[in-house]
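Notes follow once the structure below has been shown.
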Amino acid sequence: MSLLVISDIHGQRAAAEEALRLGDAEGRRIILLGDLVDRGPDSAGTLAMILPRVLAGEITWIRGNHDDKLGRALQGHNVQTTHGLAETLNEIARFPKSSQLKRDILLGLDRTHHWFRIGGYLFVHGAFVPDMLTWFDEQDAPSRKAWSHARSHALYGQTTGRKLPSGYPERIYNWVDQVPERLTVVVGHDVRDTGHPVTMTGNKGGRVIFLDTGAGKGGVLTAMRLDEETIEQFTCETRRTESSPIAQSRETV
């Protein structure tokens with residue numbers, strides 16, 4: 001199956017529309033790496049465009065931390081409306097047929113995956129843990145603690161628990177060394193470079209592709225053709241026409 005993997009959209013509806021159009025034109029199934037909302041100019045419009053296709057089973061949506069937090073907010077949980085969530089909630093409240101959109105968001109979130117594997121690739125928003133290779137969801141997990149550990153990595157990556165001066169968590173990458181040989185993990189969440197995806201190779205020989213290039217954070221939206229490992233990048237207004245291979249990305253060992 002031909003696949004197009006799209007990095008964190010963050011409300012960049014116009015760029016996402018161009019990426020989806022590319023996938024459709026090339027006959028590819030779409031995988032979204034999460035964080036559809038917040039930071040960008042049109043989170044509600046992004047959701048309204050994508051959710052019908054998620055609910056129809058046409059798009060695979062990997063749950064991101066911003067998506068998860070939006071769901072909790074819509075369910076009435078007390079969450080901090082920072083990092084763009086307040087604006088997203090306001091957009092949803094003003095959107096035509098707002099109640100229907102809210103219902104569709106919660107239905108769509110029920111269809112999300114915390115991680116998803118196809119052959120030699122595993123897709124997750126934040127970070128990998130080996131348990132992701134042996135069980136799929138909370139029902140398969142041997143314990144609540146094991147599920148919580150894997151889910152935390154899936155949504156937030158691996159952190160020290162400390163905050164940087166910027167206010168963001170301090171990230172570490174020990175998990176990269178847990179990726180086994182002949183497995184490539186494709187993640188979003190962590191913008192290593194706003195110009196191009198970055199790859200890392202761990203001690204066990206496994207590879208990680210950091211596909212998020214900062215849409216909504218001053219960068220561009222990146223989509224990767226899985227079979228060829230070539231990318232296309234999009235701004236909110238126009239599509240960049242050149243293609244380039246993932247192999248040209250910066251390698252960090």
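The chains in the structure tokens are called A, B, ... from first to last as shown; in each chain the residues are counted from 1, and the ligands are counted from 1 in the order shown.
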Compile the contact shell of Thr235 in chain A as a list in words: residues with an atom at most 12 Å away, counting only C-alpha atoms, same-chain residues fewer than 4 positions apart removed.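 Counting only the stated atoms, we get Ile9, Gln12, Arg13, Ala14, Ala15, Ala16, Glu17, Glu18, Ala19, Gly40, Thr194, Gly195, Thr213, Gly214, Ala215, Gly216, Lys217, Gly218, Gly219, Val220, Leu221, Thr222, Ala223, Arg239, Arg240 and Thr241 of chain A.
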Take the residues that were just selected and, keeping C-alpha atoms, output them as a compact mmCIF listing (two decimals), in the first residue's frame.
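And here's out.txt as it stands now:
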# COMPACT_ATOMS: atom_id res chain seq x y z
CA ILE A 9 -0.46 20.20 11.22
CA GLN A 12 -2.44 25.03 9.18
CA ARG A 13 -5.54 24.15 7.18
CA ALA A 14 -4.35 25.47 3.81
CA ALA A 15 -1.08 23.54 3.99
CA ALA A 16 -2.89 20.41 5.17
CA GLU A 17 -5.34 20.69 2.29
CA GLU A 18 -2.45 20.77 -0.18
CA ALA A 19 -0.82 17.76 1.47
CA GLY A 40 -2.18 27.80 13.63
CA THR A 194 12.47 23.66 10.68
CA GLY A 195 14.10 23.13 7.30
CA THR A 213 9.45 20.64 10.68
CA GLY A 214 7.54 23.24 12.64
CA ALA A 215 4.17 23.92 11.00
CA GLY A 216 2.55 26.48 13.26
CA LYS A 217 5.92 27.18 14.89
CA GLY A 218 7.62 29.18 12.16
CA GLY A 219 8.43 26.23 9.91
CA VAL A 220 6.72 24.24 7.18
CA LEU A 221 4.46 21.20 6.94
CA THR A 222 6.26 18.06 5.77
CA ALA A 223 4.74 14.98 4.13
CA ARG A 239 3.35 24.07 -2.11
CA ARG A 240 7.08 23.71 -2.62
CA THR A 241 7.41 21.78 -5.84
Please list as a PyMOL selection string every residue within 9 Å of Ala150 in chain A, counting only C-alpha atoms and excluding residues in the same chain fewer than 3 positions away.
chain A and resi 114+127-132+145-147+153-155
Keeping only N, CA, C and O atoms, write those residues as an mmCIF file, in the first residue's frame.
data_model
loop_
_atom_site.group_PDB
_atom_site.id
_atom_site.type_symbol
_atom_site.label_atom_id
_atom_site.label_comp_id
_atom_site.auth_asym_id
_atom_site.auth_seq_id
_atom_site.Cartn_x
_atom_site.Cartn_y
_atom_site.Cartn_z
ATOM 1 N N HIS A 114 -2.596 5.325 19.443
ATOM 2 C CA HIS A 114 -1.441 5.877 20.143
ATOM 3 C C HIS A 114 -0.152 5.532 19.402
ATOM 4 O O HIS A 114 0.823 6.280 19.483
ATOM 5 N N ALA A 127 7.385 9.345 21.103
ATOM 6 C CA ALA A 127 8.585 8.522 21.278
ATOM 7 C C ALA A 127 8.190 7.056 21.360
ATOM 8 O O ALA A 127 7.040 6.708 21.624
ATOM 9 N N PHE A 128 9.171 6.210 21.167
ATOM 10 C CA PHE A 128 8.987 4.765 21.115
ATOM 11 C C PHE A 128 9.374 4.109 22.430
ATOM 12 O O PHE A 128 10.309 4.540 23.110
ATOM 13 N N VAL A 129 8.659 3.038 22.802
ATOM 14 C CA VAL A 129 9.111 2.097 23.829
ATOM 15 C C VAL A 129 8.913 0.696 23.262
ATOM 16 O O VAL A 129 8.011 0.460 22.446
ATOM 17 N N PRO A 130 9.745 -0.262 23.653
ATOM 18 C CA PRO A 130 9.663 -1.596 23.061
ATOM 19 C C PRO A 130 8.313 -2.275 23.197
ATOM 20 O O PRO A 130 7.929 -3.093 22.350
ATOM 21 N N ASP A 131 7.559 -1.962 24.267
ATOM 22 C CA ASP A 131 6.242 -2.579 24.440
ATOM 23 C C ASP A 131 5.309 -2.312 23.261
ATOM 24 O O ASP A 131 4.355 -3.058 23.039
ATOM 25 N N MET A 132 5.575 -1.250 22.514
ATOM 26 C CA MET A 132 4.730 -0.935 21.367
ATOM 27 C C MET A 132 4.796 -2.020 20.288
ATOM 28 O O MET A 132 3.919 -2.092 19.431
ATOM 29 N N LYS A 145 0.347 0.438 34.901
ATOM 30 C CA LYS A 145 1.617 1.159 34.929
ATOM 31 C C LYS A 145 2.331 1.051 33.578
ATOM 32 O O LYS A 145 2.874 2.036 33.067
ATOM 33 N N ALA A 146 2.321 -0.145 32.990
ATOM 34 C CA ALA A 146 2.973 -0.330 31.690
ATOM 35 C C ALA A 146 2.280 0.499 30.620
ATOM 36 O O ALA A 146 2.925 1.122 29.772
ATOM 37 N N TRP A 147 0.936 0.506 30.640
ATOM 38 C CA TRP A 147 0.193 1.296 29.664
ATOM 39 C C TRP A 147 0.473 2.785 29.848
ATOM 40 O O TRP A 147 0.686 3.515 28.880
ATOM 41 N N HIS A 153 5.024 8.214 26.718
ATOM 42 C CA HIS A 153 6.027 8.354 25.662
ATOM 43 C C HIS A 153 5.366 8.651 24.322
ATOM 44 O O HIS A 153 5.858 9.480 23.543
ATOM 45 N N ALA A 154 4.266 7.961 24.045
ATOM 46 C CA ALA A 154 3.587 8.146 22.764
ATOM 47 C C ALA A 154 3.115 9.582 22.588
ATOM 48 O O ALA A 154 3.218 10.157 21.500
ATOM 49 N N LEU A 155 2.597 10.175 23.646
ATOM 50 C CA LEU A 155 2.037 11.523 23.541
ATOM 51 C C LEU A 155 3.079 12.624 23.718
ATOM 52 O O LEU A 155 3.034 13.643 23.022
#
request  = Would you please give, as a VMD selection string, all residues of range 52-148 of chain A that DSSP assigns to helix (DSSP H, G or I) based on the backbone?
outcome  = chain A and resid 52 to 55 65 to 74 85 to 94 98 to 110 130 to 133 144 to 148
One residue among A:Arg63, A:Arg72, A:Lys204, A:Arg171 is nearest to Val124 in chain A when using only C-alpha atoms, and that residue is A:Arg63
- Quote the spacing between CA of Arg29 in chain A and CA of Leu4 in chain A in Å to one decimal place.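 Computed distance, CA of Arg29 in chain A to CA of Leu4 in chain A, equals 6.1 Å.
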Worksheet item: Which residue gives the smallest distance to Val198 in chain A among A:Asp140, A:Asp212, A:Asp68, A:Glu170, with only C-alpha atoms counted?
Response: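 Counting only C-alpha atoms, the residue closest to Val198 in chain A is A:Asp212.
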_For Gly126 in chain A: contacts at 8 Å, only C-alpha atoms, fewer than 4 positions along chain excluded, given as a PyMOL selection string_ = chain A and resi 64+153-158+187-190
Create the file for the chosen residues now, containing N, CA, C and O atoms and written as a short mmCIF file (atom, residue, chain, number, x, y, z; two decimals), in the first residue's frame.
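Contents of the output file again-v5.cif:
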data_model
loop_
_atom_site.label_atom_id
_atom_site.label_comp_id
_atom_site.auth_asym_id
_atom_site.auth_seq_id
_atom_site.Cartn_x
_atom_site.Cartn_y
_atom_site.Cartn_z
N GLY A 64 -1.94 12.94 19.09
CA GLY A 64 -0.89 13.79 19.64
C GLY A 64 -1.32 14.39 20.96
O GLY A 64 -2.49 14.33 21.34
N HIS A 153 5.02 8.21 26.72
CA HIS A 153 6.03 8.35 25.66
C HIS A 153 5.37 8.65 24.32
O HIS A 153 5.86 9.48 23.54
N ALA A 154 4.27 7.96 24.05
CA ALA A 154 3.59 8.15 22.76
C ALA A 154 3.12 9.58 22.59
O ALA A 154 3.22 10.16 21.50
N LEU A 155 2.60 10.18 23.65
CA LEU A 155 2.04 11.52 23.54
C LEU A 155 3.08 12.62 23.72
O LEU A 155 3.03 13.64 23.02
N TYR A 156 4.01 12.43 24.64
CA TYR A 156 4.86 13.55 25.08
C TYR A 156 6.35 13.36 24.79
O TYR A 156 7.13 14.29 25.00
N GLY A 157 6.77 12.18 24.35
CA GLY A 157 8.18 11.92 24.20
C GLY A 157 8.81 11.61 25.54
O GLY A 157 8.13 11.37 26.54
N GLN A 158 10.12 11.62 25.59
CA GLN A 158 10.86 11.34 26.82
C GLN A 158 11.46 12.64 27.33
O GLN A 158 12.16 13.35 26.60
N VAL A 187 8.26 9.84 13.91
CA VAL A 187 7.62 10.62 14.96
C VAL A 187 7.37 12.05 14.49
O VAL A 187 7.98 12.54 13.55
N GLY A 188 6.47 12.70 15.20
CA GLY A 188 6.24 14.14 15.05
C GLY A 188 6.71 14.82 16.33
O GLY A 188 7.76 14.51 16.87
N HIS A 189 5.91 15.79 16.80
CA HIS A 189 6.02 16.36 18.15
C HIS A 189 7.25 17.22 18.39
O HIS A 189 7.14 18.31 18.94
N ASP A 190 8.41 16.75 17.97
CA ASP A 190 9.68 17.35 18.37
C ASP A 190 10.34 17.97 17.14
O ASP A 190 10.81 17.26 16.26
#
Give the strand (DSSP E) residues of range 2-248 of chain A, as DSSP finds them on the backbone, and put them as a ChimeraX atom specification. /A:3-6,29-32,59-61,115-118,121-124,159-163,169-171,184-187,198-201,207-210,221-225,230-234,244-245
(request) Could you give me, as an MDAnalysis selection string, the residues within 7 Å of Leu36 in chain A, counting only C-alpha atoms and dropping anything in the same chain fewer than 4 positions from it? (result) chainID A and resid 8:11 67
Could the residues in this selection be written to a file with N, CA, C and O atoms, as a JSON list (two decimals), in the first residue's frame?
[["chain", "number", "residue", "atom", "x", "y", "z"],
["A", 8, "ASP", "N", 2.95, 17.07, 12.10],
["A", 8, "ASP", "CA", 2.03, 17.86, 12.91],
["A", 8, "ASP", "C", 1.50, 19.06, 12.12],
["A", 8, "ASP", "O", 2.28, 19.89, 11.64],
["A", 9, "ILE", "N", 0.17, 19.17, 12.04],
["A", 9, "ILE", "CA", -0.46, 20.20, 11.22],
["A", 9, "ILE", "C", -0.64, 21.51, 11.99],
["A", 9, "ILE", "O", -0.47, 22.60, 11.45],
["A", 10, "HIS", "N", -1.02, 21.44, 13.25],
["A", 10, "HIS", "CA", -1.19, 22.60, 14.12],
["A", 10, "HIS", "C", -2.03, 23.72, 13.48],
["A", 10, "HIS", "O", -1.62, 24.89, 13.44],
["A", 11, "GLY", "N", -3.20, 23.35, 12.98],
["A", 11, "GLY", "CA", -4.13, 24.35, 12.51],
["A", 11, "GLY", "C", -3.80, 25.00, 11.19],
["A", 11, "GLY", "O", -4.45, 25.96, 10.78],
["A", 67, "ASP", "N", -4.03, 17.02, 20.54],
["A", 67, "ASP", "CA", -5.32, 16.39, 20.25],
["A", 67, "ASP", "C", -5.93, 15.83, 21.52],
["A", 67, "ASP", "O", -7.13, 16.00, 21.80]]
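For Val185 in chain A, the set of protein, DNA and RNA residues having any atom at most 10 Å away, when counting only C-alpha atoms and skipping those fewer than 6 positions along the same chain, is A:Phe116, A:Arg117, A:Gly120, A:Tyr121, A:Leu122, A:Phe123, A:Val124, A:His125, A:Ala127, A:Phe128, A:Val176, A:Val179, A:Thr199, A:Met200, A:Gly206, A:Arg207, A:Val208, A:Ile209, A:Phe210.
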Long-range neighbours of Gln75 in chain A as number ranges by chain, 12 Å cut-off, only C-alpha atoms, 5 positions minimum in chain:
A: 68-70, 102-103, 105-107, 109
File of the preceding selection, all heavy atoms, as a short mmCIF file (atom, residue, chain, number, x, y, z; two decimals), in the first residue's frame:
data_model
loop_
_atom_site.label_atom_id
_atom_site.label_comp_id
_atom_site.auth_asym_id
_atom_site.auth_seq_id
_atom_site.Cartn_x
_atom_site.Cartn_y
_atom_site.Cartn_z
N ASP A 68 -5.11 15.15 22.31
CA ASP A 68 -5.57 14.54 23.55
C ASP A 68 -6.09 15.59 24.52
O ASP A 68 -7.15 15.41 25.15
CB ASP A 68 -4.41 13.76 24.17
CG ASP A 68 -4.82 12.97 25.39
OD1 ASP A 68 -5.48 11.93 25.23
OD2 ASP A 68 -4.46 13.39 26.52
N LYS A 69 -5.38 16.69 24.62
CA LYS A 69 -5.79 17.76 25.55
C LYS A 69 -7.08 18.41 25.09
O LYS A 69 -7.95 18.74 25.92
CB LYS A 69 -4.67 18.80 25.67
CG LYS A 69 -4.83 19.76 26.83
CD LYS A 69 -3.60 20.65 26.93
CE LYS A 69 -3.68 21.58 28.12
NZ LYS A 69 -2.50 22.48 28.20
N LEU A 70 -7.24 18.59 23.78
CA LEU A 70 -8.50 19.13 23.26
C LEU A 70 -9.66 18.22 23.63
O LEU A 70 -10.73 18.68 24.05
CB LEU A 70 -8.42 19.29 21.74
CG LEU A 70 -9.73 19.67 21.04
CD1 LEU A 70 -10.25 21.02 21.54
CD2 LEU A 70 -9.55 19.69 19.53
N LYS A 102 -18.06 19.31 17.60
CA LYS A 102 -17.57 18.78 18.88
C LYS A 102 -17.82 17.28 18.96
O LYS A 102 -16.94 16.52 19.40
CB LYS A 102 -18.25 19.49 20.05
CG LYS A 102 -17.83 20.94 20.22
CD LYS A 102 -18.61 21.59 21.35
CE LYS A 102 -18.29 23.07 21.47
NZ LYS A 102 -19.09 23.71 22.54
N ARG A 103 -19.01 16.84 18.56
CA ARG A 103 -19.30 15.40 18.58
C ARG A 103 -18.36 14.65 17.65
O ARG A 103 -17.84 13.58 18.00
CB ARG A 103 -20.75 15.14 18.17
CG ARG A 103 -21.78 15.52 19.23
CD ARG A 103 -23.13 14.95 18.93
NE ARG A 103 -23.71 15.53 17.72
CZ ARG A 103 -24.48 16.62 17.70
NH1 ARG A 103 -24.74 17.25 18.84
NH2 ARG A 103 -24.97 17.08 16.58
N ILE A 105 -15.35 15.53 16.74
CA ILE A 105 -14.00 15.51 17.30
C ILE A 105 -13.86 14.35 18.28
O ILE A 105 -12.88 13.58 18.23
CB ILE A 105 -13.68 16.84 18.01
CG1 ILE A 105 -13.57 17.97 16.98
CG2 ILE A 105 -12.38 16.74 18.81
CD1 ILE A 105 -13.55 19.36 17.60
N LEU A 106 -14.83 14.19 19.17
CA LEU A 106 -14.75 13.11 20.15
C LEU A 106 -14.87 11.75 19.48
O LEU A 106 -14.17 10.79 19.87
CB LEU A 106 -15.83 13.31 21.21
CG LEU A 106 -15.65 14.56 22.08
CD1 LEU A 106 -16.81 14.72 23.05
CD2 LEU A 106 -14.33 14.51 22.86
N LEU A 107 -15.72 11.64 18.47
CA LEU A 107 -15.80 10.38 17.72
C LEU A 107 -14.49 10.09 17.00
O LEU A 107 -14.01 8.95 16.98
CB LEU A 107 -16.94 10.44 16.70
CG LEU A 107 -18.36 10.36 17.25
CD1 LEU A 107 -19.38 10.64 16.13
CD2 LEU A 107 -18.62 8.97 17.84
N LEU A 109 -11.49 11.15 17.85
CA LEU A 109 -10.46 10.79 18.83
C LEU A 109 -10.60 9.34 19.27
O LEU A 109 -9.61 8.67 19.57
CB LEU A 109 -10.54 11.72 20.04
CG LEU A 109 -9.93 13.11 19.83
CD1 LEU A 109 -10.33 14.06 20.94
CD2 LEU A 109 -8.40 13.02 19.73
#
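Across A:Trp115, A:His149, A:Leu89, A:Asp137, the tightest approach to Gly76 in chain A is made by A:Leu89 when counting only C-alpha atoms.
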